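Trainee: Here it is, the structure, as structure tokens.
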Amino acid sequence: MTYYIISDIHGNLEALTVCLENIEKGPEGKIICLGDIVGYCANPNECVEVIRSKAATVILGNHDESAISDQSLDYFNQYAREAIMWTRDQLTDANMEYLKSLKYTHTENDMIFVHATPYRPEEWNYIFYLGDAELNFRIFQERLCFLGHSHQPVILEKTDSGSIVINRNYNVTLKKESRYIVNVGSVGQPRDQDPRLSFACYNSDTDELEIKRLDYDISVAQEKMRQANLHPFLIQRLALGK
Ligand code: ZN
């Protein structure tokens, strides 16, 4: 089975469209979305509707959660807060209801899928340090964990001797005896200095894993954000990939 794992779309319909067109050209498979469909860019409703029709499984992200609740936005920086308030105004009732139905994790075929971390997924923590990775490898039982949230793709391998290897070669064959945490990066707002959209393609029969990067028309997404009066910082960062 081929799994296409996409995350952090953030209302960027231009990036999502290119991503899905590429997936449709590849082997038939299952699309799993790790959340943050909305927030930051100008097409939250369209992205929710496309994801809903194309993805087999969808996980809740922190921006989705804050867009559907009236919880405090203190956790977010000024730019994210403004974008979430704008998104709350835009979302249709039907799309709000859909986002409310999403769960924090999904497990299937010796894999766990989560937006942020297997350890307390509802706290929206990050895996930035080896200690974070070690903690999380202890928490989940499955062989593979796919996640997003940081918008920075990386493959973390726990070898059978227990050490953790950080792998930034994005086209690998996984080892039978190792376990992995795979950050698939972000479709709609990459932050690893590479503005191309990012997602993962995993073949569970051959154990081949690729994190793909694709160009899309950033200027169209930016123009829509300008029209919507979204913050210039959010508009500029799309082109910078950070
Ligand atoms: Zn995100």
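In the structure tokens, each chain is lettered A, B, ... as it comes, each chain's residues begin at 1, and ligands are numbered from 1 in order of appearance.
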Around ligand 1, which protein and nucleic acid residues have at least one atom no more than 10 Å from it, if we count only C-alpha atoms and all ligand atoms? List them as a ChimeraX atom specification.
Mentor: /A:7-10,34-40,61-64,80,115-116,148-151,185-191
Trainee: Can you list every residue in range 83-230 of chain A that DSSP puts in alpha helix (DSSP H), as a ChimeraX atom specification?
Mentor: /A:83-90,93-100,130-139,218-227
Trainee: Considering only C-alpha atoms, can you say which of A:Cys19, A:Thr107, A:Ile68, A:Tyr79 comes closest to Pro232 in chain A?
Mentor: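 Closest to Pro232 in chain A, using only C-alpha atoms: A:Tyr79.
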Trainee: Of the candidates A:Leu156, A:Leu130, A:Ala55, A:Met111, which shows the shortest atom-to-atom distance to Leu144 in chain A, using only C-alpha atoms?
Mentor: A:Met111
Trainee: Would you please work out which residue, of A:Lys175, A:Arg196, A:Arg138, A:Arg81, is nearest to Leu16 in chain A when using only C-alpha atoms?
Mentor: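 Distance minimum relative to Leu16 in chain A lands on A:Arg196.
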Trainee: How many Å lie between CA of Val184 in chain A and CA of Glu65 in chain A, rounded to one decimal?
Mentor: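 Calculated distance between CA of Val184 in chain A and CA of Glu65 in chain A is 20.2 Å.
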Trainee: Hey, what does DSSP flag as strand (DSSP E) within range 34-188 of chain A? Can you give it to me as a compact mmCIF listing (two decimals) with N, CA and C atoms, in the first residue's frame?
Mentor:
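Full text of selection.txt as output:
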# COMPACT_ATOMS: atom_id res chain seq x y z
N THR A 57 -8.03 9.62 5.90
CA THR A 57 -8.01 9.91 7.34
C THR A 57 -7.47 11.32 7.54
N VAL A 58 -8.07 12.04 8.47
CA VAL A 58 -7.62 13.40 8.77
C VAL A 58 -7.51 13.55 10.29
N THR A 105 -5.17 11.42 17.15
CA THR A 105 -4.25 10.40 16.61
C THR A 105 -5.03 9.37 15.79
N HIS A 106 -4.28 8.65 14.97
CA HIS A 106 -4.86 7.53 14.21
C HIS A 106 -3.78 6.46 14.12
N THR A 107 -4.14 5.21 14.30
CA THR A 107 -3.16 4.13 14.14
C THR A 107 -3.67 3.14 13.09
N GLU A 108 -2.72 2.60 12.35
CA GLU A 108 -3.06 1.68 11.26
C GLU A 108 -1.77 1.01 10.79
N MET A 111 1.58 1.82 12.27
CA MET A 111 1.95 3.23 12.16
C MET A 111 1.02 4.07 13.04
N ILE A 112 1.57 5.13 13.61
CA ILE A 112 0.73 6.10 14.31
C ILE A 112 0.88 7.44 13.60
N PHE A 113 -0.25 8.12 13.46
CA PHE A 113 -0.28 9.42 12.79
C PHE A 113 -0.78 10.45 13.80
N VAL A 114 -0.08 11.57 13.90
CA VAL A 114 -0.43 12.60 14.89
C VAL A 114 0.04 13.95 14.35
N LEU A 144 6.36 2.95 13.12
CA LEU A 144 6.53 4.26 12.49
C LEU A 144 5.58 5.27 13.07
N CYS A 145 6.07 6.49 13.20
CA CYS A 145 5.22 7.61 13.60
C CYS A 145 5.39 8.71 12.55
N PHE A 146 4.27 9.16 12.00
CA PHE A 146 4.29 10.29 11.07
C PHE A 146 3.68 11.49 11.76
N LEU A 147 4.36 12.64 11.66
CA LEU A 147 3.84 13.86 12.27
C LEU A 147 4.26 15.09 11.47
N VAL A 154 11.99 15.93 8.54
CA VAL A 154 13.18 15.21 9.03
C VAL A 154 12.77 13.76 9.29
N ILE A 155 13.74 12.85 9.15
CA ILE A 155 13.51 11.43 9.44
C ILE A 155 14.39 11.07 10.64
N LEU A 156 13.76 10.70 11.75
CA LEU A 156 14.50 10.29 12.94
C LEU A 156 14.42 8.77 13.06
N GLU A 157 15.59 8.14 13.14
CA GLU A 157 15.64 6.68 13.20
C GLU A 157 16.13 6.23 14.57
N LYS A 158 15.40 5.32 15.19
CA LYS A 158 15.91 4.68 16.42
C LYS A 158 16.41 3.30 16.03
N ILE A 164 19.70 7.24 18.37
CA ILE A 164 18.81 7.96 17.47
C ILE A 164 19.65 8.67 16.40
N VAL A 165 19.30 8.44 15.15
CA VAL A 165 20.03 9.02 14.02
C VAL A 165 19.12 10.04 13.32
N ILE A 166 19.65 11.25 13.09
CA ILE A 166 18.88 12.27 12.37
C ILE A 166 19.24 12.16 10.90
N ASN A 167 18.23 11.94 10.07
CA ASN A 167 18.47 11.70 8.65
C ASN A 167 17.82 12.79 7.82
N ASN A 171 15.17 10.41 0.68
CA ASN A 171 14.73 9.29 -0.15
C ASN A 171 15.45 8.05 0.35
N VAL A 172 14.77 7.28 1.18
CA VAL A 172 15.45 6.18 1.89
C VAL A 172 14.61 4.90 1.85
N THR A 173 15.28 3.78 2.08
CA THR A 173 14.56 2.53 2.36
C THR A 173 14.71 2.27 3.85
N ARG A 179 13.02 1.74 14.24
CA ARG A 179 11.74 2.46 14.34
C ARG A 179 12.00 3.91 13.92
N TYR A 180 10.94 4.59 13.49
CA TYR A 180 11.14 5.91 12.91
C TYR A 180 10.08 6.92 13.37
N ILE A 181 10.50 8.17 13.51
CA ILE A 181 9.58 9.31 13.59
C ILE A 181 9.86 10.14 12.34
N VAL A 182 8.83 10.34 11.53
CA VAL A 182 9.01 11.06 10.26
C VAL A 182 8.21 12.35 10.31
N ASN A 183 8.90 13.47 10.24
CA ASN A 183 8.19 14.74 10.09
C ASN A 183 8.08 15.01 8.59
